[in-house]
>>> print(open('query-v9.tsv').read())   # TSV, C-alpha atoms and all ligand atoms
chain	number	residue	atom	x	y	z
A	1	MET	CA	0.00	0.00	0.00
A	2	THR	CA	1.42	3.38	-0.96
A	3	ILE	CA	1.08	6.09	1.65
A	4	LYS	CA	-0.38	9.34	0.43
A	5	LYS	CA	2.03	11.94	1.70
A	6	VAL	CA	0.45	14.72	3.73
A	7	THR	CA	1.53	18.21	2.77
A	8	LYS	CA	-0.82	20.55	4.62
A	9	ILE	CA	-2.30	19.79	7.99
A	10	GLY	CA	-4.96	21.42	10.12
A	11	VAL	CA	-5.05	21.55	13.90
A	12	LEU	CA	-8.05	22.33	16.09
A	13	THR	CA	-9.15	22.25	19.71
A	14	SER	CA	-12.70	21.11	20.34
A	15	GLY	CA	-15.19	20.54	23.16
A	16	GLY	CA	-14.24	21.41	26.73
A	17	ASP	CA	-11.00	23.37	27.03
A	18	ALA	CA	-8.13	21.98	29.08
A	19	PRO	CA	-4.86	23.51	30.29
A	20	GLY	CA	-2.05	22.30	28.05
A	21	MET	CA	-3.98	22.55	24.78
A	22	ASN	CA	-1.72	25.46	23.77
A	23	ALA	CA	1.38	23.38	24.42
A	24	ALA	CA	-0.08	20.68	22.16
A	25	ILE	CA	-0.86	23.20	19.39
A	26	ARG	CA	2.69	24.52	19.62
A	27	ALA	CA	4.16	21.01	19.34
A	28	VAL	CA	1.98	20.18	16.32
A	29	VAL	CA	2.83	23.42	14.53
A	30	ARG	CA	6.57	23.27	15.15
A	31	THR	CA	6.85	19.56	14.28
A	32	ALA	CA	4.91	20.14	11.08
A	33	ILE	CA	7.17	23.03	10.10
A	34	PHE	CA	10.24	20.93	10.90
A	35	HIS	CA	8.95	18.45	8.29
A	36	ASP	CA	8.26	21.21	5.74
A	37	LEU	CA	4.50	20.85	6.04
A	38	GLU	CA	2.16	23.78	5.88
A	39	VAL	CA	0.01	24.05	8.97
A	40	PHE	CA	-3.36	25.71	9.49
A	41	GLY	CA	-5.14	26.64	12.70
A	42	ILE	CA	-8.86	25.89	12.60
A	43	MET	CA	-10.70	28.25	14.92
A	44	ARG	CA	-13.41	27.21	17.44
A	45	GLY	CA	-13.21	23.47	16.81
A	46	TYR	CA	-15.49	22.01	14.17
A	47	ALA	CA	-17.33	25.33	13.95
A	48	GLY	CA	-14.30	26.89	12.25
A	49	MET	CA	-14.09	23.96	9.87
A	50	VAL	CA	-17.75	24.35	8.86
A	51	GLU	CA	-17.57	28.15	8.67
A	52	ASN	CA	-14.15	28.27	6.97
A	53	ASP	CA	-12.51	30.13	9.85
A	54	ILE	CA	-9.06	28.74	9.10
A	55	GLN	CA	-5.72	30.53	9.10
A	56	GLU	CA	-2.19	29.55	8.27
A	57	LEU	CA	0.18	29.35	11.23
A	58	ASN	CA	3.92	29.72	11.36
A	59	SER	CA	6.50	29.06	14.00
A	60	ARG	CA	6.00	32.54	15.49
A	61	SER	CA	2.21	32.08	15.74
A	62	VAL	CA	2.81	29.69	18.62
A	63	ALA	CA	5.56	31.63	20.38
A	64	ASN	CA	5.08	32.28	24.10
A	65	ILE	CA	2.00	30.06	24.51
A	66	ILE	CA	3.38	26.89	26.14
A	67	GLN	CA	2.70	28.34	29.60
A	68	ARG	CA	-0.77	29.69	28.85
A	69	GLY	CA	-4.08	28.04	29.82
A	70	GLY	CA	-7.07	28.03	27.47
A	71	THR	CA	-6.48	27.64	23.75
A	72	ILE	CA	-5.35	30.24	21.22
A	73	LEU	CA	-7.48	28.47	18.60
A	74	LYS	CA	-10.50	28.78	20.87
A	75	THR	CA	-12.99	25.97	21.23
A	76	ALA	CA	-16.69	25.49	20.72
A	77	ARG	CA	-19.46	22.97	20.45
A	78	CYS	CA	-20.77	22.70	16.89
A	79	THR	CA	-24.23	21.25	16.20
A	80	GLU	CA	-23.81	21.38	12.39
A	81	PHE	CA	-21.01	18.82	12.60
A	82	TYR	CA	-23.47	16.19	13.85
A	83	GLU	CA	-25.10	16.31	10.40
A	84	TYR	CA	-23.58	14.96	7.19
A	85	GLU	CA	-24.22	18.28	5.41
A	86	GLY	CA	-22.17	20.10	8.05
A	87	ARG	CA	-19.29	17.67	7.74
A	88	LEU	CA	-19.39	17.91	3.93
A	89	LYS	CA	-19.21	21.68	4.15
A	90	ALA	CA	-16.20	21.31	6.47
A	91	TYR	CA	-14.56	18.87	4.05
A	92	ASN	CA	-14.99	21.24	1.11
A	93	ASN	CA	-13.42	24.06	3.10
A	94	LEU	CA	-10.41	21.90	3.93
A	95	LYS	CA	-10.09	20.67	0.34
A	96	GLU	CA	-10.17	24.22	-0.98
A	97	LYS	CA	-7.07	24.94	1.12
A	98	GLY	CA	-5.47	21.63	0.25
A	99	ILE	CA	-5.49	20.40	3.84
A	100	ASP	CA	-4.90	16.65	3.78
A	101	GLY	CA	-4.45	15.73	7.44
A	102	LEU	CA	-6.03	16.78	10.73
A	103	VAL	CA	-5.03	16.82	14.38
A	104	ILE	CA	-7.97	17.09	16.77
A	105	ILE	CA	-7.26	17.98	20.38
A	106	GLY	CA	-10.34	17.28	22.49
A	107	GLY	CA	-12.43	14.82	24.45
A	108	ASP	CA	-14.57	11.83	23.55
A	109	GLY	CA	-17.23	13.92	21.77
A	110	SER	CA	-14.59	15.48	19.54
A	111	PHE	CA	-13.23	12.02	18.76
A	112	LYS	CA	-16.69	10.77	17.78
A	113	GLY	CA	-16.88	13.63	15.29
A	114	ALA	CA	-13.35	12.93	14.01
A	115	GLN	CA	-14.08	9.27	13.57
A	116	ARG	CA	-17.18	9.93	11.49
A	117	PHE	CA	-15.36	12.53	9.44
A	118	SER	CA	-12.36	10.35	8.62
A	119	ASN	CA	-14.62	7.42	7.73
A	120	GLU	CA	-16.59	9.56	5.28
A	121	PHE	CA	-13.81	11.59	3.66
A	122	ASP	CA	-10.23	11.10	2.51
A	123	ILE	CA	-8.64	13.22	5.25
A	124	PRO	CA	-6.82	11.24	7.96
A	125	CYS	CA	-7.55	12.30	11.54
A	126	ILE	CA	-5.33	11.94	14.59
A	127	GLY	CA	-6.81	12.62	18.04
A	128	LEU	CA	-4.99	13.93	21.11
A	129	PRO	CA	-6.78	13.45	24.43
A	130	GLY	CA	-7.32	16.98	25.74
A	131	THR	CA	-9.68	16.81	28.68
A	132	ILE	CA	-9.51	17.55	32.38
A	133	ASP	CA	-11.87	14.60	33.01
A	134	LYS	CA	-9.40	11.82	32.08
A	135	ASP	CA	-12.36	9.82	30.78
A	136	ILE	CA	-10.71	8.35	27.69
A	137	ALA	CA	-9.57	4.78	27.24
A	138	GLY	CA	-6.18	4.05	25.70
A	139	SER	CA	-4.15	6.57	27.63
A	140	ASP	CA	-3.02	6.73	31.24
A	141	VAL	CA	-2.92	10.50	30.97
A	142	THR	CA	-4.87	13.27	29.28
A	143	ILE	CA	-3.80	16.83	28.59
A	144	GLY	CA	-5.20	19.04	31.36
A	145	PHE	CA	-5.99	16.53	34.07
A	146	ASP	CA	-2.85	17.10	36.12
A	147	THR	CA	-3.34	20.86	36.17
A	148	ALA	CA	-7.05	20.62	36.98
A	149	VAL	CA	-6.55	18.17	39.81
A	150	ASN	CA	-3.77	20.29	41.31
A	151	THR	CA	-6.02	23.36	41.14
A	152	ALA	CA	-8.69	21.38	42.98
A	153	VAL	CA	-6.18	20.23	45.62
A	154	GLU	CA	-4.97	23.78	46.22
A	155	ALA	CA	-8.54	25.02	46.63
A	156	ILE	CA	-9.60	22.15	48.91
A	157	ASP	CA	-6.54	22.68	51.14
A	158	LYS	CA	-7.74	26.23	51.69
A	159	ILE	CA	-11.27	25.06	52.43
A	160	ARG	CA	-9.89	22.60	54.95
A	161	ASP	CA	-8.28	25.41	56.95
A	162	THR	CA	-11.56	27.23	57.44
A	163	MET	CA	-13.48	23.97	57.86
A	164	ASP	CA	-11.15	22.97	60.66
A	165	ALA	CA	-11.41	26.34	62.36
A	166	HIS	CA	-15.19	26.00	62.60
A	167	ASP	CA	-15.65	22.24	63.03
A	168	ARG	CA	-17.70	22.11	59.89
A	169	LEU	CA	-18.75	19.47	57.44
A	170	PHE	CA	-17.80	20.57	53.95
A	171	ILE	CA	-19.04	19.11	50.71
A	172	VAL	CA	-16.81	20.13	47.84
A	173	GLU	CA	-17.99	19.46	44.31
A	174	VAL	CA	-15.34	19.07	41.64
A	175	MET	CA	-15.66	18.72	37.86
A	176	GLY	CA	-15.50	15.57	35.78
A	177	ARG	CA	-18.96	15.17	34.23
A	178	ASP	CA	-19.58	11.44	34.55
A	179	ALA	CA	-15.97	10.64	35.44
A	180	GLY	CA	-14.71	10.55	39.01
A	181	TYR	CA	-10.97	10.98	38.52
A	182	ILE	CA	-10.69	14.58	39.68
A	183	ALA	CA	-12.80	13.74	42.74
A	184	LEU	CA	-10.86	10.59	43.54
A	185	HIS	CA	-7.38	12.06	43.11
A	186	SER	CA	-8.09	15.41	44.78
A	187	GLY	CA	-10.04	13.70	47.57
A	188	ILE	CA	-7.23	11.29	48.39
A	189	ALA	CA	-4.62	14.04	48.18
A	190	THR	CA	-6.52	16.29	50.60
A	191	GLY	CA	-7.40	13.55	53.07
A	192	ALA	CA	-11.14	13.62	52.38
A	193	GLU	CA	-13.22	11.48	54.71
A	194	ASN	CA	-15.58	10.50	51.92
A	195	ILE	CA	-15.33	10.59	48.14
A	196	LEU	CA	-18.39	10.13	45.94
A	197	ILE	CA	-17.76	9.18	42.32
A	198	PRO	CA	-20.13	8.05	39.57
A	199	GLU	CA	-18.17	4.86	38.87
A	200	THR	CA	-18.85	3.45	42.33
A	201	LYS	CA	-22.21	3.03	43.99
A	202	THR	CA	-22.43	5.00	47.20
A	203	ASP	CA	-24.30	3.47	50.10
A	204	ILE	CA	-25.97	6.57	51.53
A	205	GLU	CA	-26.88	4.75	54.76
A	206	ASP	CA	-23.24	3.85	55.17
A	207	LEU	CA	-22.26	7.48	54.64
A	208	ILE	CA	-24.82	8.77	57.18
A	209	PHE	CA	-23.72	6.10	59.67
A	210	SER	CA	-20.05	7.06	59.36
A	211	LEU	CA	-20.86	10.76	59.77
A	212	THR	CA	-23.02	10.05	62.83
A	213	GLU	CA	-20.30	7.89	64.35
A	214	LYS	CA	-17.75	10.62	63.81
A	215	GLU	CA	-20.07	13.16	65.36
A	216	LYS	CA	-20.33	10.96	68.45
A	217	ARG	CA	-16.54	10.79	68.63
A	218	LYS	CA	-16.45	14.57	68.30
A	219	LYS	CA	-14.65	14.25	64.99
A	220	LEU	CA	-16.87	16.90	63.58
A	221	VAL	CA	-14.59	18.08	60.84
A	222	ASN	CA	-15.51	16.24	57.72
A	223	LEU	CA	-14.60	16.70	54.13
A	224	ILE	CA	-16.67	15.07	51.43
A	225	VAL	CA	-15.47	15.42	47.85
A	226	VAL	CA	-18.11	14.71	45.26
A	227	ALA	CA	-17.87	14.45	41.47
A	228	GLU	CA	-20.37	16.61	39.62
A	229	GLY	CA	-22.04	13.64	37.92
A	230	GLY	CA	-22.79	11.84	41.18
A	231	GLU	CA	-25.78	9.58	41.72
A	232	TYR	CA	-27.19	11.79	44.50
A	233	GLY	CA	-27.19	14.89	42.33
A	234	ASP	CA	-24.95	17.86	42.96
A	235	ALA	CA	-23.29	18.88	46.22
A	236	ASN	CA	-26.34	20.95	47.26
A	237	GLU	CA	-28.62	17.93	46.92
A	238	LEU	CA	-26.26	15.82	48.99
A	239	ALA	CA	-26.10	18.55	51.65
A	240	LYS	CA	-29.91	18.49	51.88
A	241	ILE	CA	-29.93	14.72	52.38
A	242	ILE	CA	-27.28	14.95	55.12
A	243	LYS	CA	-28.95	17.90	56.83
A	244	ALA	CA	-32.28	16.05	56.88
A	245	ARG	CA	-30.67	13.03	58.56
A	246	ILE	CA	-28.17	14.84	60.83
A	247	PRO	CA	-29.75	18.23	61.71
A	248	SER	CA	-26.89	19.17	64.05
A	249	ALA	CA	-24.28	19.02	61.27
A	250	ASP	CA	-22.90	22.44	60.39
A	251	THR	CA	-22.77	21.79	56.68
A	252	ARG	CA	-21.35	23.98	53.94
A	253	VAL	CA	-21.12	23.45	50.20
A	254	CYS	CA	-18.45	24.67	47.82
A	255	ILE	CA	-18.67	24.10	44.08
A	256	LEU	CA	-15.23	24.66	42.60
A	257	GLY	CA	-16.49	25.08	39.03
A	258	HIS	CA	-14.55	26.59	36.19
A	259	ILE	CA	-11.41	27.54	38.10
A	260	GLN	CA	-10.48	23.90	37.49
A	261	ARG	CA	-10.25	24.53	33.75
A	262	GLY	CA	-8.06	27.61	33.87
A	263	GLY	CA	-4.54	28.52	34.86
A	264	ALA	CA	-1.07	27.79	33.59
A	265	PRO	CA	-0.62	24.12	32.67
A	266	SER	CA	1.52	22.09	35.04
A	267	CYS	CA	4.94	20.85	33.97
A	268	GLU	CA	3.42	17.38	33.52
A	269	ASP	CA	0.68	18.65	31.19
A	270	ARG	CA	3.19	20.65	29.12
A	271	LEU	CA	5.34	17.53	28.72
A	272	ILE	CA	2.42	15.28	27.81
A	273	ALA	CA	1.11	17.83	25.32
A	274	SER	CA	4.53	18.34	23.70
A	275	HIS	CA	5.12	14.59	23.44
A	276	MET	CA	1.68	13.83	22.01
A	277	GLY	CA	1.74	16.82	19.64
A	278	TYR	CA	5.02	15.66	18.16
A	279	TYR	CA	3.72	12.10	17.65
A	280	ALA	CA	0.48	13.33	16.11
A	281	VAL	CA	2.40	14.84	13.20
A	282	GLU	CA	4.76	11.85	12.93
A	283	SER	CA	1.65	9.65	12.76
A	284	LEU	CA	0.19	11.58	9.85
A	285	LEU	CA	3.53	11.36	8.05
A	286	ILE	CA	3.64	7.57	8.25
A	287	GLY	CA	0.02	7.19	7.15
A	288	ARG	CA	-1.80	6.56	10.43
A	289	ASN	CA	-5.48	7.43	10.45
A	290	ASN	CA	-8.37	7.39	12.88
A	291	VAL	CA	-6.22	6.85	15.96
A	292	MET	CA	-5.64	8.63	19.22
A	293	VAL	CA	-2.12	9.21	20.45
A	294	GLY	CA	-1.97	8.26	24.12
A	295	VAL	CA	0.56	7.27	26.73
A	296	VAL	CA	0.45	3.85	28.39
A	297	ASN	CA	3.12	2.83	30.91
A	298	ASN	CA	5.13	5.92	29.94
A	299	LYS	CA	5.24	4.94	26.28
A	300	ILE	CA	3.40	6.40	23.32
A	301	HIS	CA	0.44	4.19	22.51
A	302	TYR	CA	-2.05	4.32	19.62
A	303	THR	CA	-5.72	3.49	20.07
A	304	PRO	CA	-8.36	3.48	17.32
A	305	LEU	CA	-10.68	6.43	17.92
A	306	ASP	CA	-13.74	4.18	18.22
A	307	LYS	CA	-12.11	2.25	21.08
A	308	ALA	CA	-10.99	5.43	22.82
A	309	VAL	CA	-14.56	6.73	22.96
A	310	LYS	CA	-16.34	3.48	23.72
A	311	GLN	CA	-14.45	2.40	26.77
A	312	LYS	CA	-13.83	4.36	29.91
A	313	GLN	CA	-10.73	4.04	32.01
A	314	LYS	CA	-11.50	1.85	34.98
A	315	ILE	CA	-11.15	3.25	38.48
A	316	GLY	CA	-9.32	0.88	40.82
A	317	GLN	CA	-11.78	-0.11	43.57
A	318	GLU	CA	-8.87	-0.61	45.93
A	319	TRP	CA	-8.58	3.13	46.26
A	320	MET	CA	-12.08	3.45	47.75
A	321	LYS	CA	-11.11	0.92	50.43
A	322	ILE	CA	-7.93	2.84	51.20
A	323	VAL	CA	-9.89	6.11	51.47
A	324	LYS	CA	-12.10	4.56	54.17
A	325	ILE	CA	-9.15	3.21	56.16
A	326	LEU	CA	-7.16	6.43	56.01
A	327	ALA	CA	-10.13	8.61	56.96
A	328	SER	CA	-10.94	6.81	60.19
B	1	LIG	P1	-15.69	16.85	24.21
B	1	LIG	O1	-14.81	16.66	23.02
B	1	LIG	O2	-15.04	17.70	25.25
B	1	LIG	O3	-16.23	15.55	24.74
B	1	LIG	P2	-18.34	17.48	23.06
B	1	LIG	O4	-18.98	16.21	23.47
B	1	LIG	O5	-19.11	18.72	23.24
B	1	LIG	O6	-16.94	17.75	23.74
B	1	LIG	O7	-17.99	17.36	21.50
B	1	LIG	C1	-17.37	18.41	20.81
B	1	LIG	C2	-17.91	18.53	19.41
B	1	LIG	O8	-17.63	17.33	18.67
B	1	LIG	C3	-19.43	18.68	19.31
B	1	LIG	O9	-19.86	20.00	19.51
B	1	LIG	C4	-19.68	18.24	17.87
B	1	LIG	O10	-19.36	19.28	16.97
B	1	LIG	C5	-18.65	17.11	17.71
B	1	LIG	N1	-19.29	15.80	17.95
B	1	LIG	C6	-19.53	15.19	19.13
B	1	LIG	N2	-20.15	14.01	18.96
B	1	LIG	C7	-20.34	13.87	17.62
B	1	LIG	C8	-20.95	12.88	16.79
B	1	LIG	N3	-21.50	11.77	17.30
B	1	LIG	N4	-20.96	13.10	15.44
B	1	LIG	C9	-20.41	14.20	14.90
B	1	LIG	N5	-19.83	15.17	15.63
B	1	LIG	C10	-19.79	15.02	16.96
>>> encode(input="query-v9.tsv", output="structure tokens", more="lines below")
Ligand code: ADP
Amino acid sequence: MTIKKVTKIGVLTSGGDAPGMNAAIRAVVRTAIFHDLEVFGIMRGYAGMVENDIQELNSRSVANIIQRGGTILKTARCTEFYEYEGRLKAYNNLKEKGIDGLVIIGGDGSFKGAQRFSNEFDIPCIGLPGTIDKDIAGSDVTIGFDTAVNTAVEAIDKIRDTMDAHDRLFIVEVMGRDAGYIALHSGIATGAENILIPETKTDIEDLIFSLTEKEKRKKLVNLIVVAEGGEYGDANELAKIIKARIPSADTRVCILGHIQRGGAPSCEDRLIASHMGYYAVESLLIGRNNVMVGVVNNKIHYTPLDKAVKQKQKIGQEWMKIVKILAS
């Protein structure tokens, strides 16, 4: 099989933004230029592809961005891309510019779009996992998770100080949609007494019992970290349930929200993004298509996009046991 050589590639960031996306864009652009490829920045994810908001980038376009959060290409959700007509429009815009390879930095939704697109048209797509949620199979790491979880830890540490001063029960809600990684990692790292994640069923009676027991032992300070997609609703709902069962509990809720998405990417996220960005371009050059570049056991690993979106990373149940033991 002869490999059709790519000559002009497009790069875009799509879906939820994640710190480190800029570092990935930089790596893609500079690796492409190193290989004498032309490289185009597609603005606002698939929206820019459909609306022809595409501009050529050079080495200087990505100067001084490795340390910046957000994404210089901006990101968006694009309903037109769900329809064939929208994707065809996008394809024609790329063809008109001669773009013959794409790098998509985003989450599982963006990969679903990329997979459909590369199955329908003759433009190979390479995905880079850019999501703070870490909810992608085929990679131990995702661009943005490390920064987001460290932001959550820093915030929860501060909450713990005031919580301790007042003997309060605090419920902190962290991001992650239907994935519990930010909650699990930040909860363990801040010594949370309870962590509620969507991947594990929470026995509410068990939770109430442990809180009541602690109250009896005058261990009134309690930190509960809950993932936003939890089975008992958001942190406010959980607070209502607890308050109804333990009226004496001085309960407060803090929803960390979008601060978890912002800020300068951590060293780890910059490294991951640089590594993956480099391999995305190398992949296009050797004719890979429809795969995600990930890292497994510290080595670059390729996963077909359909597998990356279908399976979730599994959360080790052992951790939940350890949380209980350490919080006693
Ligand atoms: P994320 O990539 O962070 O999971 P979304 O789920 O919002 O974010 O997906 C980002 C974009 O990818 C959507 O706005 C849409 O344009 C595109 N997309 C998602 N799912 C599909 C799909 N099944 N078919 C075509 N495009 C899709």
>>> residues_near_ligand(input="query-v9.tsv", ligand="ligand LIG 1 (chain B)", cutoff="8 Å", atoms="only C-alpha atoms and all ligand atoms", output="ChimeraX atom specification")
/A:14-17,45-47,76-83,106-114,116-117,130-131
>>> closest_residue(input="query-v9.tsv", among="A:Ala23, A:Val39, A:Ile188, A:Ile104", to="Leu223 in chain A", atoms="all atoms listed in the file")
A:Ile188
>>> residues_around(input="query-v9.tsv", residues="Ser186 in chain A", least_positions_apart="5", cutoff="10 Å", atoms="all atoms listed in the file", output="PyMOL selection string")
chain A and resi 148-157+174+181+191-192+195+225
>>> closest_residue(input="query-v9.tsv", among="A:Asp100, A:Asp164, A:Asp206, A:Asp146", to="Gly10 in chain A", atoms="all atoms listed in the file")
A:Asp100
>>> residues_around(input="query-v9.tsv", residues="Thr200 in chain A", least_positions_apart="5", cutoff="9 Å", atoms="all atoms listed in the file", output="PyMOL selection string")
chain A and resi 180+315+317+320
>>> write_last_selection(input="query-v9.tsv", atoms="C-alpha atoms", output="tab-separated table (two decimals), in the frame of the given file")
chain	number	residue	atom	x	y	z
A	180	GLY	CA	-14.71	10.55	39.01
A	315	ILE	CA	-11.15	3.25	38.48
A	317	GLN	CA	-11.78	-0.11	43.57
A	320	MET	CA	-12.08	3.45	47.75
>>> residues_near_point(input="query-v9.tsv", point="(-10.3, 6.5, 16.6)", cutoff="12 Å", atoms="only C-alpha atoms", output="ChimeraX atom specification")
/A:103-104,107-119,124-129,136-138,288-294,302-311
>>> atom_distance(input="query-v9.tsv", atom1="CA of Val295 in chain A", atom2="CA of Val141 in chain A")
6.4 Å
>>> build_atoms(input="query-v9.tsv", residues="range 62-71 of chain A", atoms="all heavy atoms", output="mmCIF file, in the coordinates of the input")
data_model
loop_
_atom_site.group_PDB
_atom_site.id
_atom_site.type_symbol
_atom_site.label_atom_id
_atom_site.label_comp_id
_atom_site.auth_asym_id
_atom_site.auth_seq_id
_atom_site.Cartn_x
_atom_site.Cartn_y
_atom_site.Cartn_z
ATOM 1 N N VAL A 62 2.965 30.462 17.381
ATOM 2 C CA VAL A 62 2.810 29.690 18.620
ATOM 3 C C VAL A 62 3.911 30.038 19.634
ATOM 4 O O VAL A 62 4.174 29.272 20.556
ATOM 5 C CB VAL A 62 2.779 28.174 18.330
ATOM 6 C CG1 VAL A 62 1.499 27.811 17.596
ATOM 7 C CG2 VAL A 62 3.989 27.716 17.524
ATOM 8 N N ALA A 63 4.534 31.206 19.426
ATOM 9 C CA ALA A 63 5.560 31.630 20.380
ATOM 10 C C ALA A 63 4.887 32.065 21.685
ATOM 11 O O ALA A 63 3.772 32.615 21.672
ATOM 12 C CB ALA A 63 6.348 32.800 19.790
ATOM 13 N N ASN A 64 5.525 31.780 22.798
ATOM 14 C CA ASN A 64 5.080 32.280 24.100
ATOM 15 C C ASN A 64 3.681 31.784 24.504
ATOM 16 O O ASN A 64 2.916 32.514 25.135
ATOM 17 C CB ASN A 64 5.111 33.823 24.072
ATOM 18 C CG ASN A 64 5.194 34.406 25.458
ATOM 19 O OD1 ASN A 64 5.632 33.733 26.408
ATOM 20 N ND2 ASN A 64 4.746 35.638 25.626
ATOM 21 N N ILE A 65 3.321 30.574 24.100
ATOM 22 C CA ILE A 65 2.000 30.060 24.510
ATOM 23 C C ILE A 65 2.096 28.795 25.356
ATOM 24 O O ILE A 65 1.107 28.348 25.913
ATOM 25 C CB ILE A 65 1.061 29.787 23.310
ATOM 26 C CG1 ILE A 65 1.607 28.673 22.402
ATOM 27 C CG2 ILE A 65 0.782 31.051 22.515
ATOM 28 C CD1 ILE A 65 0.556 28.110 21.432
ATOM 29 N N ILE A 66 3.283 28.196 25.452
ATOM 30 C CA ILE A 66 3.380 26.890 26.140
ATOM 31 C C ILE A 66 2.888 27.000 27.591
ATOM 32 O O ILE A 66 2.350 26.056 28.156
ATOM 33 C CB ILE A 66 4.817 26.321 26.049
ATOM 34 C CG1 ILE A 66 4.816 24.837 26.452
ATOM 35 C CG2 ILE A 66 5.814 27.107 26.884
ATOM 36 C CD1 ILE A 66 6.088 24.095 26.124
ATOM 37 N N GLN A 67 3.047 28.165 28.183
ATOM 38 C CA GLN A 67 2.700 28.340 29.600
ATOM 39 C C GLN A 67 1.281 28.867 29.800
ATOM 40 O O GLN A 67 0.846 29.043 30.930
ATOM 41 C CB GLN A 67 3.718 29.289 30.269
ATOM 42 C CG GLN A 67 3.538 30.779 29.984
ATOM 43 C CD GLN A 67 4.043 31.218 28.607
ATOM 44 O OE1 GLN A 67 4.197 30.422 27.702
ATOM 45 N NE2 GLN A 67 4.263 32.507 28.442
ATOM 46 N N ARG A 68 0.553 29.082 28.704
ATOM 47 C CA ARG A 68 -0.770 29.690 28.850
ATOM 48 C C ARG A 68 -1.912 28.670 28.861
ATOM 49 O O ARG A 68 -1.922 27.739 28.072
ATOM 50 C CB ARG A 68 -1.008 30.709 27.717
ATOM 51 C CG ARG A 68 -0.291 32.046 28.006
ATOM 52 C CD ARG A 68 -0.238 32.936 26.809
ATOM 53 N NE ARG A 68 -1.558 33.204 26.245
ATOM 54 C CZ ARG A 68 -1.754 33.748 25.050
ATOM 55 N NH1 ARG A 68 -0.729 34.058 24.297
ATOM 56 N NH2 ARG A 68 -2.966 33.977 24.623
ATOM 57 N N GLY A 69 -2.877 28.879 29.785
ATOM 58 C CA GLY A 69 -4.080 28.040 29.820
ATOM 59 C C GLY A 69 -4.987 28.406 28.659
ATOM 60 O O GLY A 69 -4.666 29.269 27.841
ATOM 61 N N GLY A 70 -6.140 27.761 28.573
ATOM 62 C CA GLY A 70 -7.070 28.030 27.470
ATOM 63 C C GLY A 70 -6.537 27.475 26.168
ATOM 64 O O GLY A 70 -5.723 26.552 26.141
ATOM 65 N N THR A 71 -6.984 28.050 25.063
ATOM 66 C CA THR A 71 -6.480 27.640 23.750
ATOM 67 C C THR A 71 -6.509 28.824 22.790
ATOM 68 O O THR A 71 -7.560 29.468 22.653
ATOM 69 C CB THR A 71 -7.261 26.442 23.145
ATOM 70 O OG1 THR A 71 -7.134 26.475 21.714
ATOM 71 C CG2 THR A 71 -8.732 26.427 23.509
#
